[in-house]
Amino acid sequence: MLEGLTQDYQLTIPAILKRADQLYGKREIVTRRPDKTFHRYTYADFVSRTKKLAVVLKGLGLESGDMVGTLCWNNYQHLEAYFGVPSSEAVLHTINPRLFEDDLAYIVDHAGDRALLIDEVLLDVFEKFREKVNVEHVILVSESGENVPEGMLSYEELLSGADEGDFEYPELDERQAAALCYTSGTTGRPKGALYSHRGVVLHSLMSATGNAFALSDNDCVLPVVPMFHVNAWGLPYTATLAGSKQVLPGQHLDPESLIEEYEQEKVTFTAGVPTVFLAMLQALDKEPGKHDLSSLRSMVIGGAAAPKGMIEAYEERHGITVVHAWGMTEMAPIGSVAHVTPEILELSEEEQLEYRAKQGYPTPFVEIRAHGDDGPVPWDGETMGELEVRGPSIIKSYFNTEEGDDKFSEGGWFRTGDIVTIDQYGFIKITDRDKDLVKSGGEWISSVELENALMSHPAVSQAAVIAVPHEKWDERPLAVIVLKEGESATGDDLKQHLEGDFAKFWLPDAYEFVEELPQTATGKFLKLKLREQFKDYQLA
Ligand code: AMP
């Protein structure tokens with residue numbers, strides 16, 4: 001092999017920090033404080049404090065590869081940890097406070113966290129599992145630096161005692177571990193996805209491209225997705241790499257607060273799960289035209305399927321472009337974005353909407369295939385198979401466990417557990433998770449599609465379709481419905497709503513109305529629990 005003469009410049013998080021240090025000093029980072037007032041500072045302030053944090057961590061004795069857990073919302077201190085921890089050669093381990101206490105203790109213990117940064121507003125969560133874990137340094141993150149409980153250190157005090165001049169950009173191997181996130185899957189113990197510096201940097205580049213989020217220094221980015229959930233989809237890294245202004249909403253994810261931030265800070269790009277944006281849509285619908293959201297060029301929705309009706313409603317009623325995206329913790333997480341390509345722009349508006357409601361086509365360097373019973377299925381938009389992915393920001397095994405090894409197959413392919421079709425343009429459409437499909441008389445029925453259609457009914461707030469055992473057909477679909485407050489609808493109404501859009505055998509056999517659906521800590525419906533609840537359900 002004749003080796004190329006390109007430099008082996010290492011792709012690391014400190015390299016992103018250095019770029020921000022040299023180029024973006026004046027850009028702004030705005031945080032919504034717990035009391036709802038705003039904290040503002042510049043990238044220059046951010047870089048200075050981040051360097052100090054790296055110095056502090058080294059001073060506490062943390063070494064290369066040590067884990068530093070964070071239990072924090074979306075705020076500037078958390079952003080400092082995103083860069084300061086990996087720049088000290090330790091690993092940033094973001095922890096999801098919505099998990100149950102046993103899982104939290106398990107995660108902190110399994111990761112082997114040597115230090116923890118705790119947001120003052122999440123102190124009560126920490127107290128719930130404090131006794132069950134053994135962490136050397138617990139650091140309270142609060143702006144005032146006051147009321148630090150016994151046995152804890154003050155983040156502000158530590159920073160003010162550190163000298164920025166002691167920081168040196170480290171020469172790291174790009175393959176070194178940088179960040180750790182645990183999946184909040186619906187079965188088994190949470191499993192760790194340990195990303196390398198290289199993986200994080202490439203993920204940032206991949207998501208910054210025009211095929212994905214198209215972020216630049218002209219943008220103002222507001223991640224609604226929490227920074228404790230898959231690195232807020234990598235946005236803190238991507239936005240900093242791009243030099244975008246950043247608005248961090250703290251713990252205030254209610255529509256009113258977010259809308260105020262969009263308007264006041266002239267946010268151009270935001271991202272989050274459908275639940276948040278459904279609530280926002282309802283709020284906007286109540287007072288049409290009241291807010292000027294014209295600066296918002298892209299509202300990325302993912303983590304769960306963005307219903308077609310929601311994409312259409314935002315566009316038609318509020319002039320906001322919704323961009324649907326798909327990903328997984330194991331992918332750091334962005335895998336595909338429903339970016340409207342020239343081929344799709346040539347289609348009718350109705351067809352364009354169909355494409356925009358799909359999960360999108362892969363971001364650069366994410367390879368995809370769908371695996372059926374006899375190997376990869378054709379990209380015909382019809383044949384279903386399990387989606388498999390490979391690429392430079394996708395993990396190759398889980399952290400420190402053999403559980404889940406069966407998800408990684410030969411050739412570096414990771415089995416996603418999502419059942420999809422892929423069409424001629426490479427657009428993925430999730431038809432279900434493998435365990436959520438309903439198999440009736442040997443034919444597959446997609447519960448996701450039924451749920452999306454049910455949720456487009458004006459009276460329906462949430463819908464889950466599950467398989468219940470059936471003597472003749474083996475399984476039949478049951479729809480479990482939560483109605484919007486003050487609305488009413490009968491099973492017959494919903495059946496009528498679905499008729500015509502689906503084959504007859506797809507229509508649910510029954511509709512059960514409930515007050516609420518069981519959800520995971522990250523807002524996904526717990527199908528397993530529902531299936532158990534209705535396992536003896538008698539279909540008429
Ligand atoms: P998590 O690792 O918690 O982000 O969960 C990843 C899983 O969420 C994927 O495997 C999908 O099943 C689901 N998911 C993520 N994004 C979407 C989307 N846009 N549409 C449907 N399901 C999604």
# chains A, B, ... in the order shown; residues from 1 in each chain; ligands from 1

call {"tool": "residues_around", "arguments": {"residues": "His110 (chain A)", "least_positions_apart": "4", "cutoff": "10 Å", "atoms": "only C-alpha atoms", "output": "NGL selection string"}}
result
:A and (104-106 or 190-192 or 399-401)

call {"tool": "write_last_selection", "arguments": {"atoms": "all heavy atoms", "output": "tab-separated table (two decimals), in the first residue's frame"}}
result
chain	number	residue	atom	x	y	z
A	104	LEU	N	-30.62	4.17	38.73
A	104	LEU	CA	-29.62	5.23	38.88
A	104	LEU	C	-28.42	4.71	39.66
A	104	LEU	O	-27.26	4.90	39.26
A	104	LEU	CB	-30.23	6.44	39.61
A	104	LEU	CG	-31.21	7.26	38.78
A	104	LEU	CD1	-32.02	8.21	39.64
A	104	LEU	CD2	-30.46	8.05	37.72
A	105	ALA	N	-28.69	4.02	40.76
A	105	ALA	CA	-27.60	3.48	41.58
A	105	ALA	C	-26.81	2.45	40.75
A	105	ALA	O	-25.58	2.43	40.79
A	105	ALA	CB	-28.16	2.84	42.83
A	106	TYR	N	-27.55	1.63	40.02
A	106	TYR	CA	-26.88	0.61	39.20
A	106	TYR	C	-25.93	1.27	38.19
A	106	TYR	O	-24.78	0.86	38.03
A	106	TYR	CB	-27.93	-0.23	38.46
A	106	TYR	CG	-27.32	-1.13	37.41
A	106	TYR	CD1	-26.74	-2.35	37.77
A	106	TYR	CD2	-27.27	-0.74	36.07
A	106	TYR	CE1	-26.14	-3.16	36.81
A	106	TYR	CE2	-26.66	-1.53	35.11
A	106	TYR	CZ	-26.10	-2.75	35.49
A	106	TYR	OH	-25.50	-3.54	34.54
A	190	PRO	N	-30.10	-1.18	32.16
A	190	PRO	CA	-29.55	-0.19	31.22
A	190	PRO	C	-28.15	-0.62	30.77
A	190	PRO	O	-27.39	-1.19	31.56
A	190	PRO	CB	-29.47	1.07	32.07
A	190	PRO	CG	-30.42	0.87	33.19
A	190	PRO	CD	-30.45	-0.59	33.46
A	191	LYS	N	-27.85	-0.35	29.52
A	191	LYS	CA	-26.55	-0.74	28.98
A	191	LYS	C	-25.80	0.50	28.49
A	191	LYS	O	-26.40	1.43	27.96
A	191	LYS	CB	-26.73	-1.74	27.83
A	191	LYS	CG	-27.19	-3.11	28.34
A	191	LYS	CD	-27.29	-4.13	27.24
A	191	LYS	CE	-28.68	-4.26	26.65
A	191	LYS	NZ	-29.72	-4.61	27.61
A	192	GLY	N	-24.48	0.49	28.71
A	192	GLY	CA	-23.69	1.68	28.42
A	192	GLY	C	-23.20	1.74	26.97
A	192	GLY	O	-22.74	0.74	26.42
A	399	PHE	N	-20.76	-1.34	26.96
A	399	PHE	CA	-19.68	-1.10	27.91
A	399	PHE	C	-19.71	-2.11	29.06
A	399	PHE	O	-20.72	-2.20	29.78
A	399	PHE	CB	-19.79	0.34	28.43
A	399	PHE	CG	-18.85	0.66	29.55
A	399	PHE	CD1	-17.47	0.60	29.37
A	399	PHE	CD2	-19.34	1.05	30.80
A	399	PHE	CE1	-16.61	0.91	30.40
A	399	PHE	CE2	-18.47	1.36	31.84
A	399	PHE	CZ	-17.10	1.28	31.63
A	400	ASN	N	-18.66	-2.87	29.15
A	400	ASN	CA	-18.47	-3.70	30.34
A	400	ASN	C	-19.58	-4.72	30.61
A	400	ASN	O	-19.96	-4.92	31.76
A	400	ASN	CB	-18.34	-2.78	31.56
A	400	ASN	CG	-17.15	-3.19	32.38
A	400	ASN	OD1	-16.56	-4.23	32.13
A	400	ASN	ND2	-16.81	-2.37	33.36
A	401	THR	N	-20.12	-5.28	29.56
A	401	THR	CA	-21.12	-6.34	29.74
A	401	THR	C	-21.18	-7.16	28.46
A	401	THR	O	-20.88	-6.65	27.37
A	401	THR	CB	-22.53	-5.77	30.03
A	401	THR	OG1	-23.44	-6.86	30.13
A	401	THR	CG2	-23.02	-4.83	28.95

call {"tool": "residues_around", "arguments": {"residues": "Val460 (chain A)", "least_positions_apart": "5", "cutoff": "6 Å", "atoms": "only C-alpha atoms", "output": "ChimeraX atom specification"}}
result
/A:455,483-484

call {"tool": "residues_around", "arguments": {"residues": "Pro249 (chain A)", "least_positions_apart": "4", "cutoff": "10 Å", "atoms": "only C-alpha atoms", "output": "list in words"}}
result
Val30, Thr31, Arg32, Arg33, Pro34, Lys36, Phe38, Trp73, Asn74, Asn75, Tyr76, Leu222, Pro223, Val224, Val225, Pro226, Leu253, Asp254, Ser257, Leu258 and Glu261 of chain A

call {"tool": "residues_around", "arguments": {"residues": "Arg130 (chain A)", "least_positions_apart": "2", "cutoff": "12 Å", "atoms": "only C-alpha atoms", "output": "short mmCIF file (atom, residue, chain, number, x, y, z; two decimals) with N, CA and C atoms, in the first residue's frame"}}
result
data_model
loop_
_atom_site.label_atom_id
_atom_site.label_comp_id
_atom_site.auth_asym_id
_atom_site.auth_seq_id
_atom_site.Cartn_x
_atom_site.Cartn_y
_atom_site.Cartn_z
N GLU A 101 -34.75 4.95 40.97
CA GLU A 101 -33.54 5.08 41.81
C GLU A 101 -32.63 3.85 41.74
N ASP A 102 -33.24 2.65 41.64
CA ASP A 102 -32.40 1.44 41.56
C ASP A 102 -31.54 1.46 40.30
N LEU A 104 -30.62 4.17 38.73
CA LEU A 104 -29.62 5.23 38.88
C LEU A 104 -28.42 4.71 39.66
N ALA A 105 -28.69 4.02 40.76
CA ALA A 105 -27.60 3.48 41.58
C ALA A 105 -26.81 2.45 40.75
N TYR A 106 -27.55 1.63 40.02
CA TYR A 106 -26.88 0.61 39.20
C TYR A 106 -25.93 1.27 38.19
N VAL A 108 -24.54 4.35 38.16
CA VAL A 108 -23.38 5.03 38.77
C VAL A 108 -22.34 4.00 39.20
N ASP A 109 -22.85 2.90 39.74
CA ASP A 109 -21.96 1.84 40.21
C ASP A 109 -21.30 1.12 39.02
N LEU A 116 -19.14 13.10 40.80
CA LEU A 116 -20.49 13.38 40.30
C LEU A 116 -20.72 14.88 40.36
N ILE A 118 -23.75 17.44 40.48
CA ILE A 118 -25.20 17.40 40.72
C ILE A 118 -25.77 18.81 40.64
N LEU A 123 -30.94 17.73 43.37
CA LEU A 123 -30.37 17.21 44.61
C LEU A 123 -31.29 16.14 45.22
N ASP A 124 -32.60 16.38 45.13
CA ASP A 124 -33.54 15.40 45.71
C ASP A 124 -33.44 14.05 45.01
N VAL A 125 -33.16 14.07 43.70
CA VAL A 125 -33.00 12.81 42.97
C VAL A 125 -31.76 12.09 43.49
N PHE A 126 -30.69 12.85 43.68
CA PHE A 126 -29.46 12.24 44.18
C PHE A 126 -29.66 11.64 45.57
N GLU A 127 -30.41 12.39 46.40
CA GLU A 127 -30.64 11.91 47.78
C GLU A 127 -31.29 10.53 47.78
N LYS A 128 -32.10 10.25 46.75
CA LYS A 128 -32.81 8.96 46.70
C LYS A 128 -31.88 7.77 46.54
N LYS A 132 -26.78 4.35 48.28
CA LYS A 132 -26.51 3.10 47.57
C LYS A 132 -25.25 3.16 46.72
N VAL A 133 -24.63 4.34 46.64
CA VAL A 133 -23.44 4.44 45.77
C VAL A 133 -22.24 4.96 46.57
N ASN A 134 -21.09 4.72 45.98
CA ASN A 134 -19.86 5.11 46.65
C ASN A 134 -19.04 5.96 45.68
N VAL A 135 -19.19 7.28 45.81
CA VAL A 135 -18.51 8.19 44.88
C VAL A 135 -17.57 9.09 45.68
N GLU A 136 -16.34 9.24 45.20
CA GLU A 136 -15.34 10.00 45.97
C GLU A 136 -15.65 11.49 46.08
N VAL A 138 -18.41 14.47 45.30
CA VAL A 138 -19.74 14.91 44.85
C VAL A 138 -19.74 16.43 44.83
N GLY A 151 -20.41 17.13 53.02
CA GLY A 151 -19.86 16.02 52.23
C GLY A 151 -19.78 16.32 50.75
N MET A 152 -20.26 17.51 50.35
CA MET A 152 -20.21 17.87 48.93
C MET A 152 -19.29 19.07 48.73
#

call {"tool": "residues_near_ligand", "arguments": {"ligand": "ligand 1", "cutoff": "9 Å", "atoms": "only C-alpha atoms and all ligand atoms", "output": "count of residues only"}}
result
48

call {"tool": "closest_atom_pairs", "arguments": {"of": "region 408-521 of chain A", "to": "region 533-538 of chain A", "cutoff": "9 Å", "atoms": "only C-alpha atoms", "output": "CSV"}}
result
residue,atom,partner,partner_atom,distance
A:Ile466,CA,A:Phe534,CA,8.8
A:Ala467,CA,A:Lys535,CA,8.7
A:Val468,CA,A:Lys535,CA,6.1
A:Pro469,CA,A:Lys535,CA,7.1
A:His470,CA,A:Gln538,CA,8.5
A:Leu478,CA,A:Phe534,CA,8.8

call {"tool": "select_by_dssp", "arguments": {"residues": "region 145-394 of chain A", "states": "alpha helix (DSSP H)", "output": "mmCIF file with N, CA and C atoms, in the first residue's frame"}}
result
data_model
loop_
_atom_site.group_PDB
_atom_site.id
_atom_site.type_symbol
_atom_site.label_atom_id
_atom_site.label_comp_id
_atom_site.auth_asym_id
_atom_site.auth_seq_id
_atom_site.Cartn_x
_atom_site.Cartn_y
_atom_site.Cartn_z
ATOM 1 N N TYR A 155 -19.153 23.599 43.122
ATOM 2 C CA TYR A 155 -18.636 23.765 41.760
ATOM 3 C C TYR A 155 -18.016 25.153 41.595
ATOM 4 N N GLU A 156 -18.758 26.175 42.036
ATOM 5 C CA GLU A 156 -18.277 27.549 41.857
ATOM 6 C C GLU A 156 -16.994 27.804 42.655
ATOM 7 N N GLU A 157 -16.970 27.276 43.869
ATOM 8 C CA GLU A 157 -15.776 27.462 44.698
ATOM 9 C C GLU A 157 -14.570 26.787 44.053
ATOM 10 N N LEU A 158 -14.781 25.594 43.547
ATOM 11 C CA LEU A 158 -13.675 24.869 42.908
ATOM 12 C C LEU A 158 -13.144 25.662 41.705
ATOM 13 N N LEU A 159 -14.091 26.185 40.876
ATOM 14 C CA LEU A 159 -13.651 26.931 39.694
ATOM 15 C C LEU A 159 -12.909 28.201 40.095
ATOM 16 N N SER A 160 -13.420 28.895 41.104
ATOM 17 C CA SER A 160 -12.754 30.161 41.444
ATOM 18 C C SER A 160 -11.366 29.925 42.046
ATOM 19 N N HIS A 197 -13.575 9.902 21.380
ATOM 20 C CA HIS A 197 -13.461 11.290 20.910
ATOM 21 C C HIS A 197 -13.749 11.352 19.417
ATOM 22 N N ARG A 198 -13.131 10.441 18.682
ATOM 23 C CA ARG A 198 -13.302 10.411 17.228
ATOM 24 C C ARG A 198 -14.777 10.243 16.855
ATOM 25 N N GLY A 199 -15.461 9.322 17.569
ATOM 26 C CA GLY A 199 -16.875 9.083 17.286
ATOM 27 C C GLY A 199 -17.701 10.346 17.500
ATOM 28 N N VAL A 200 -17.423 11.056 18.592
ATOM 29 C CA VAL A 200 -18.187 12.273 18.902
ATOM 30 C C VAL A 200 -17.911 13.355 17.845
ATOM 31 N N VAL A 201 -16.649 13.512 17.477
ATOM 32 C CA VAL A 201 -16.304 14.566 16.509
ATOM 33 C C VAL A 201 -16.922 14.247 15.142
ATOM 34 N N LEU A 202 -16.806 13.004 14.710
ATOM 35 C CA LEU A 202 -17.384 12.657 13.417
ATOM 36 C C LEU A 202 -18.908 12.786 13.453
ATOM 37 N N HIS A 203 -19.507 12.424 14.574
ATOM 38 C CA HIS A 203 -20.958 12.589 14.711
ATOM 39 C C HIS A 203 -21.339 14.064 14.571
ATOM 40 N N SER A 204 -20.518 14.933 15.145
ATOM 41 C CA SER A 204 -20.801 16.380 15.049
ATOM 42 C C SER A 204 -20.711 16.840 13.595
ATOM 43 N N LEU A 205 -19.676 16.397 12.916
ATOM 44 C CA LEU A 205 -19.519 16.788 11.506
ATOM 45 C C LEU A 205 -20.671 16.243 10.662
ATOM 46 N N MET A 206 -21.002 14.984 10.909
ATOM 47 C CA MET A 206 -22.075 14.346 10.152
ATOM 48 C C MET A 206 -23.400 15.063 10.369
ATOM 49 N N SER A 207 -23.669 15.454 11.617
ATOM 50 C CA SER A 207 -24.960 16.108 11.839
ATOM 51 C C SER A 207 -24.946 17.580 11.457
ATOM 52 N N ALA A 208 -23.772 18.171 11.327
ATOM 53 C CA ALA A 208 -23.741 19.588 10.919
ATOM 54 C C ALA A 208 -23.935 19.763 9.407
ATOM 55 N N VAL A 230 -28.766 10.938 25.605
ATOM 56 C CA VAL A 230 -27.864 10.811 24.444
ATOM 57 C C VAL A 230 -27.217 12.134 24.060
ATOM 58 N N ASN A 231 -26.558 12.761 25.028
ATOM 59 C CA ASN A 231 -25.822 13.998 24.758
ATOM 60 C C ASN A 231 -26.667 15.042 24.018
ATOM 61 N N ALA A 232 -27.945 15.121 24.380
ATOM 62 C CA ALA A 232 -28.846 16.062 23.694
ATOM 63 C C ALA A 232 -28.675 15.938 22.178
ATOM 64 N N TRP A 233 -28.660 14.674 21.748
ATOM 65 C CA TRP A 233 -28.488 14.332 20.326
ATOM 66 C C TRP A 233 -27.199 14.911 19.744
ATOM 67 N N LEU A 235 -26.014 17.772 20.155
ATOM 68 C CA LEU A 235 -26.088 19.193 19.776
ATOM 69 C C LEU A 235 -25.094 20.101 20.499
ATOM 70 N N PRO A 236 -24.811 19.872 21.788
ATOM 71 C CA PRO A 236 -23.809 20.747 22.418
ATOM 72 C C PRO A 236 -22.471 20.693 21.683
ATOM 73 N N TYR A 237 -22.096 19.522 21.201
ATOM 74 C CA TYR A 237 -20.837 19.408 20.456
ATOM 75 C C TYR A 237 -20.978 19.993 19.051
ATOM 76 N N THR A 238 -22.081 19.649 18.382
ATOM 77 C CA THR A 238 -22.269 20.112 17.006
ATOM 78 C C THR A 238 -22.390 21.632 16.949
ATOM 79 N N ALA A 239 -23.186 22.184 17.865
ATOM 80 C CA ALA A 239 -23.403 23.635 17.858
ATOM 81 C C ALA A 239 -22.112 24.376 18.198
ATOM 82 N N THR A 240 -21.307 23.834 19.107
ATOM 83 C CA THR A 240 -20.049 24.493 19.474
ATOM 84 C C THR A 240 -19.057 24.401 18.316
ATOM 85 N N LEU A 241 -19.024 23.238 17.669
ATOM 86 C CA LEU A 241 -18.151 23.084 16.496
ATOM 87 C C LEU A 241 -18.527 24.103 15.418
ATOM 88 N N ALA A 242 -19.845 24.290 15.245
ATOM 89 C CA ALA A 242 -20.324 25.212 14.209
ATOM 90 C C ALA A 242 -20.248 26.664 14.658
ATOM 91 N N PRO A 255 -44.358 24.626 27.011
ATOM 92 C CA PRO A 255 -44.455 25.390 25.754
ATOM 93 C C PRO A 255 -44.246 26.891 25.945
ATOM 94 N N GLU A 256 -44.812 27.454 26.997
ATOM 95 C CA GLU A 256 -44.746 28.914 27.161
ATOM 96 C C GLU A 256 -43.289 29.371 27.278
ATOM 97 N N SER A 257 -42.505 28.669 28.113
ATOM 98 C CA SER A 257 -41.104 29.072 28.291
ATOM 99 C C SER A 257 -40.349 28.943 26.974
ATOM 100 N N LEU A 258 -40.548 27.821 26.296
ATOM 101 C CA LEU A 258 -39.804 27.585 25.055
ATOM 102 C C LEU A 258 -40.191 28.603 23.983
ATOM 103 N N ILE A 259 -41.480 28.860 23.868
ATOM 104 C CA ILE A 259 -41.932 29.814 22.847
ATOM 105 C C ILE A 259 -41.323 31.196 23.133
ATOM 106 N N GLU A 260 -41.289 31.555 24.388
ATOM 107 C CA GLU A 260 -40.693 32.846 24.767
ATOM 108 C C GLU A 260 -39.214 32.896 24.331
ATOM 109 N N GLU A 261 -38.504 31.794 24.557
ATOM 110 C CA GLU A 261 -37.074 31.752 24.172
ATOM 111 C C GLU A 261 -36.914 31.810 22.654
ATOM 112 N N TYR A 262 -37.755 31.063 21.944
ATOM 113 C CA TYR A 262 -37.665 31.087 20.472
ATOM 114 C C TYR A 262 -37.788 32.523 19.963
ATOM 115 N N GLU A 263 -38.778 33.203 20.520
ATOM 116 C CA GLU A 263 -39.108 34.537 20.034
ATOM 117 C C GLU A 263 -38.030 35.549 20.444
ATOM 118 N N GLN A 264 -37.714 35.534 21.725
ATOM 119 C CA GLN A 264 -36.791 36.529 22.289
ATOM 120 C C GLN A 264 -35.356 36.362 21.778
ATOM 121 N N GLU A 265 -34.895 35.107 21.686
ATOM 122 C CA GLU A 265 -33.489 34.868 21.314
ATOM 123 C C GLU A 265 -33.310 34.634 19.811
ATOM 124 N N PRO A 274 -41.522 14.139 20.175
ATOM 125 C CA PRO A 274 -42.872 14.560 19.768
ATOM 126 C C PRO A 274 -43.746 15.066 20.913
ATOM 127 N N THR A 275 -43.642 14.459 22.089
ATOM 128 C CA THR A 275 -44.515 14.854 23.201
ATOM 129 C C THR A 275 -44.435 16.351 23.462
ATOM 130 N N VAL A 276 -43.205 16.870 23.509
ATOM 131 C CA VAL A 276 -43.002 18.294 23.803
ATOM 132 C C VAL A 276 -43.632 19.152 22.708
ATOM 133 N N PHE A 277 -43.406 18.736 21.471
ATOM 134 C CA PHE A 277 -43.878 19.585 20.373
ATOM 135 C C PHE A 277 -45.379 19.432 20.104
ATOM 136 N N LEU A 278 -45.956 18.335 20.571
ATOM 137 C CA LEU A 278 -47.413 18.213 20.489
ATOM 138 C C LEU A 278 -48.060 19.198 21.455
ATOM 139 N N ALA A 279 -47.488 19.269 22.673
ATOM 140 C CA ALA A 279 -48.009 20.219 23.668
ATOM 141 C C ALA A 279 -47.850 21.649 23.156
ATOM 142 N N MET A 280 -46.704 21.896 22.493
ATOM 143 C CA MET A 280 -46.461 23.243 21.983
ATOM 144 C C MET A 280 -47.454 23.602 20.865
ATOM 145 N N LEU A 281 -47.742 22.606 20.049
ATOM 146 C CA LEU A 281 -48.690 22.844 18.958
ATOM 147 C C LEU A 281 -50.050 23.248 19.525
ATOM 148 N N GLN A 282 -50.463 22.544 20.571
ATOM 149 C CA GLN A 282 -51.752 22.879 21.184
ATOM 150 C C GLN A 282 -51.729 24.296 21.744
ATOM 151 N N ALA A 283 -50.594 24.678 22.341
ATOM 152 C CA ALA A 283 -50.475 26.035 22.901
ATOM 153 C C ALA A 283 -50.522 27.076 21.784
ATOM 154 N N LEU A 284 -49.812 26.810 20.689
ATOM 155 C CA LEU A 284 -49.782 27.771 19.576
ATOM 156 C C LEU A 284 -51.167 27.879 18.928
ATOM 157 N N ASP A 285 -51.854 26.731 18.839
ATOM 158 C CA ASP A 285 -53.184 26.726 18.215
ATOM 159 C C ASP A 285 -54.185 27.576 18.985
ATOM 160 N N LYS A 286 -53.958 27.666 20.295
ATOM 161 C CA LYS A 286 -54.894 28.438 21.133
ATOM 162 C C LYS A 286 -54.840 29.921 20.806
ATOM 163 N N LYS A 308 -47.607 12.457 11.041
ATOM 164 C CA LYS A 308 -47.729 13.257 9.819
ATOM 165 C C LYS A 308 -48.605 14.492 10.062
ATOM 166 N N GLY A 309 -49.687 14.269 10.836
ATOM 167 C CA GLY A 309 -50.620 15.368 11.115
ATOM 168 C C GLY A 309 -49.924 16.526 11.823
ATOM 169 N N MET A 310 -48.952 16.214 12.662
ATOM 170 C CA MET A 310 -48.243 17.262 13.402
ATOM 171 C C MET A 310 -47.320 18.038 12.464
ATOM 172 N N ILE A 311 -46.640 17.313 11.579
ATOM 173 C CA ILE A 311 -45.732 17.967 10.628
ATOM 174 C C ILE A 311 -46.538 18.954 9.773
ATOM 175 N N GLU A 312 -47.687 18.481 9.323
ATOM 176 C CA GLU A 312 -48.554 19.293 8.456
ATOM 177 C C GLU A 312 -49.100 20.506 9.223
ATOM 178 N N ALA A 313 -49.531 20.247 10.469
ATOM 179 C CA ALA A 313 -50.150 21.321 11.257
ATOM 180 C C ALA A 313 -49.155 22.449 11.532
ATOM 181 N N TYR A 314 -47.932 22.105 11.892
ATOM 182 C CA TYR A 314 -46.926 23.145 12.160
ATOM 183 C C TYR A 314 -46.710 23.987 10.911
ATOM 184 N N GLU A 315 -46.608 23.316 9.779
ATOM 185 C CA GLU A 315 -46.327 24.026 8.533
ATOM 186 C C GLU A 315 -47.502 24.919 8.126
ATOM 187 N N GLU A 316 -48.694 24.311 8.108
ATOM 188 C CA GLU A 316 -49.852 25.042 7.591
ATOM 189 C C GLU A 316 -50.326 26.137 8.530
ATOM 190 N N ARG A 317 -50.355 25.837 9.815
ATOM 191 C CA ARG A 317 -50.948 26.808 10.745
ATOM 192 C C ARG A 317 -49.928 27.771 11.332
ATOM 193 N N HIS A 318 -48.639 27.376 11.344
ATOM 194 C CA HIS A 318 -47.662 28.238 12.016
ATOM 195 C C HIS A 318 -46.413 28.526 11.196
ATOM 196 N N PRO A 342 -33.744 16.894 -3.775
ATOM 197 C CA PRO A 342 -34.306 17.371 -5.046
ATOM 198 C C PRO A 342 -35.318 16.398 -5.658
ATOM 199 N N GLU A 343 -35.049 15.094 -5.521
ATOM 200 C CA GLU A 343 -35.982 14.097 -6.094
ATOM 201 C C GLU A 343 -37.348 14.200 -5.416
ATOM 202 N N ILE A 344 -37.314 14.447 -4.145
ATOM 203 C CA ILE A 344 -38.578 14.484 -3.398
ATOM 204 C C ILE A 344 -39.320 15.797 -3.652
ATOM 205 N N LEU A 345 -38.535 16.852 -3.881
ATOM 206 C CA LEU A 345 -39.153 18.151 -4.187
ATOM 207 C C LEU A 345 -39.961 18.108 -5.482
ATOM 208 N N GLU A 349 -47.276 17.655 -3.323
ATOM 209 C CA GLU A 349 -47.153 18.061 -1.913
ATOM 210 C C GLU A 349 -47.514 16.930 -0.963
ATOM 211 N N GLU A 350 -48.562 16.196 -1.368
ATOM 212 C CA GLU A 350 -49.014 15.065 -0.549
ATOM 213 C C GLU A 350 -47.903 14.023 -0.420
ATOM 214 N N GLU A 351 -47.258 13.732 -1.563
ATOM 215 C CA GLU A 351 -46.180 12.731 -1.533
ATOM 216 C C GLU A 351 -44.968 13.245 -0.742
ATOM 217 N N GLN A 352 -44.699 14.531 -0.877
ATOM 218 C CA GLN A 352 -43.580 15.107 -0.104
ATOM 219 C C GLN A 352 -43.801 14.923 1.388
ATOM 220 N N LEU A 353 -45.057 15.134 1.788
ATOM 221 C CA LEU A 353 -45.392 14.983 3.201
ATOM 222 C C LEU A 353 -45.178 13.540 3.658
ATOM 223 N N GLU A 354 -45.546 12.595 2.769
ATOM 224 C CA GLU A 354 -45.315 11.169 3.087
ATOM 225 C C GLU A 354 -43.832 10.943 3.397
ATOM 226 N N TYR A 355 -42.972 11.539 2.572
ATOM 227 C CA TYR A 355 -41.526 11.358 2.779
ATOM 228 C C TYR A 355 -41.047 12.034 4.045
ATOM 229 N N ARG A 356 -41.581 13.221 4.303
ATOM 230 C CA ARG A 356 -41.127 13.956 5.486
ATOM 231 C C ARG A 356 -41.568 13.272 6.777
#

call {"tool": "residues_around", "arguments": {"residues": "Gly391 (chain A)", "least_positions_apart": "4", "cutoff": "7 Å", "atoms": "only C-alpha atoms", "output": "number ranges by chain"}}
result
A: 365-367

call {"tool": "write_last_selection", "arguments": {"atoms": "N, CA, C and O atoms", "output": "compact mmCIF listing (two decimals), in the first residue's frame"}}
result
# COMPACT_ATOMS: atom_id res chain seq x y z
N PHE A 365 -21.84 8.67 6.22
CA PHE A 365 -21.08 7.58 6.86
C PHE A 365 -21.91 6.65 7.74
O PHE A 365 -21.37 5.80 8.42
N VAL A 366 -23.23 6.84 7.73
CA VAL A 366 -24.07 5.83 8.37
C VAL A 366 -24.53 4.91 7.24
O VAL A 366 -25.20 5.36 6.31
N GLU A 367 -24.12 3.67 7.31
CA GLU A 367 -24.56 2.69 6.31
C GLU A 367 -25.77 1.97 6.85
O GLU A 367 -25.81 1.62 8.04

call {"tool": "select_by_dssp", "arguments": {"residues": "region 380-476 of chain A", "states": "strand (DSSP E)", "output": "NGL selection string"}}
result
:A and (385-390 or 408-409 or 413-422 or 428-433 or 438-440 or 443-445 or 460-470 or 474-476)
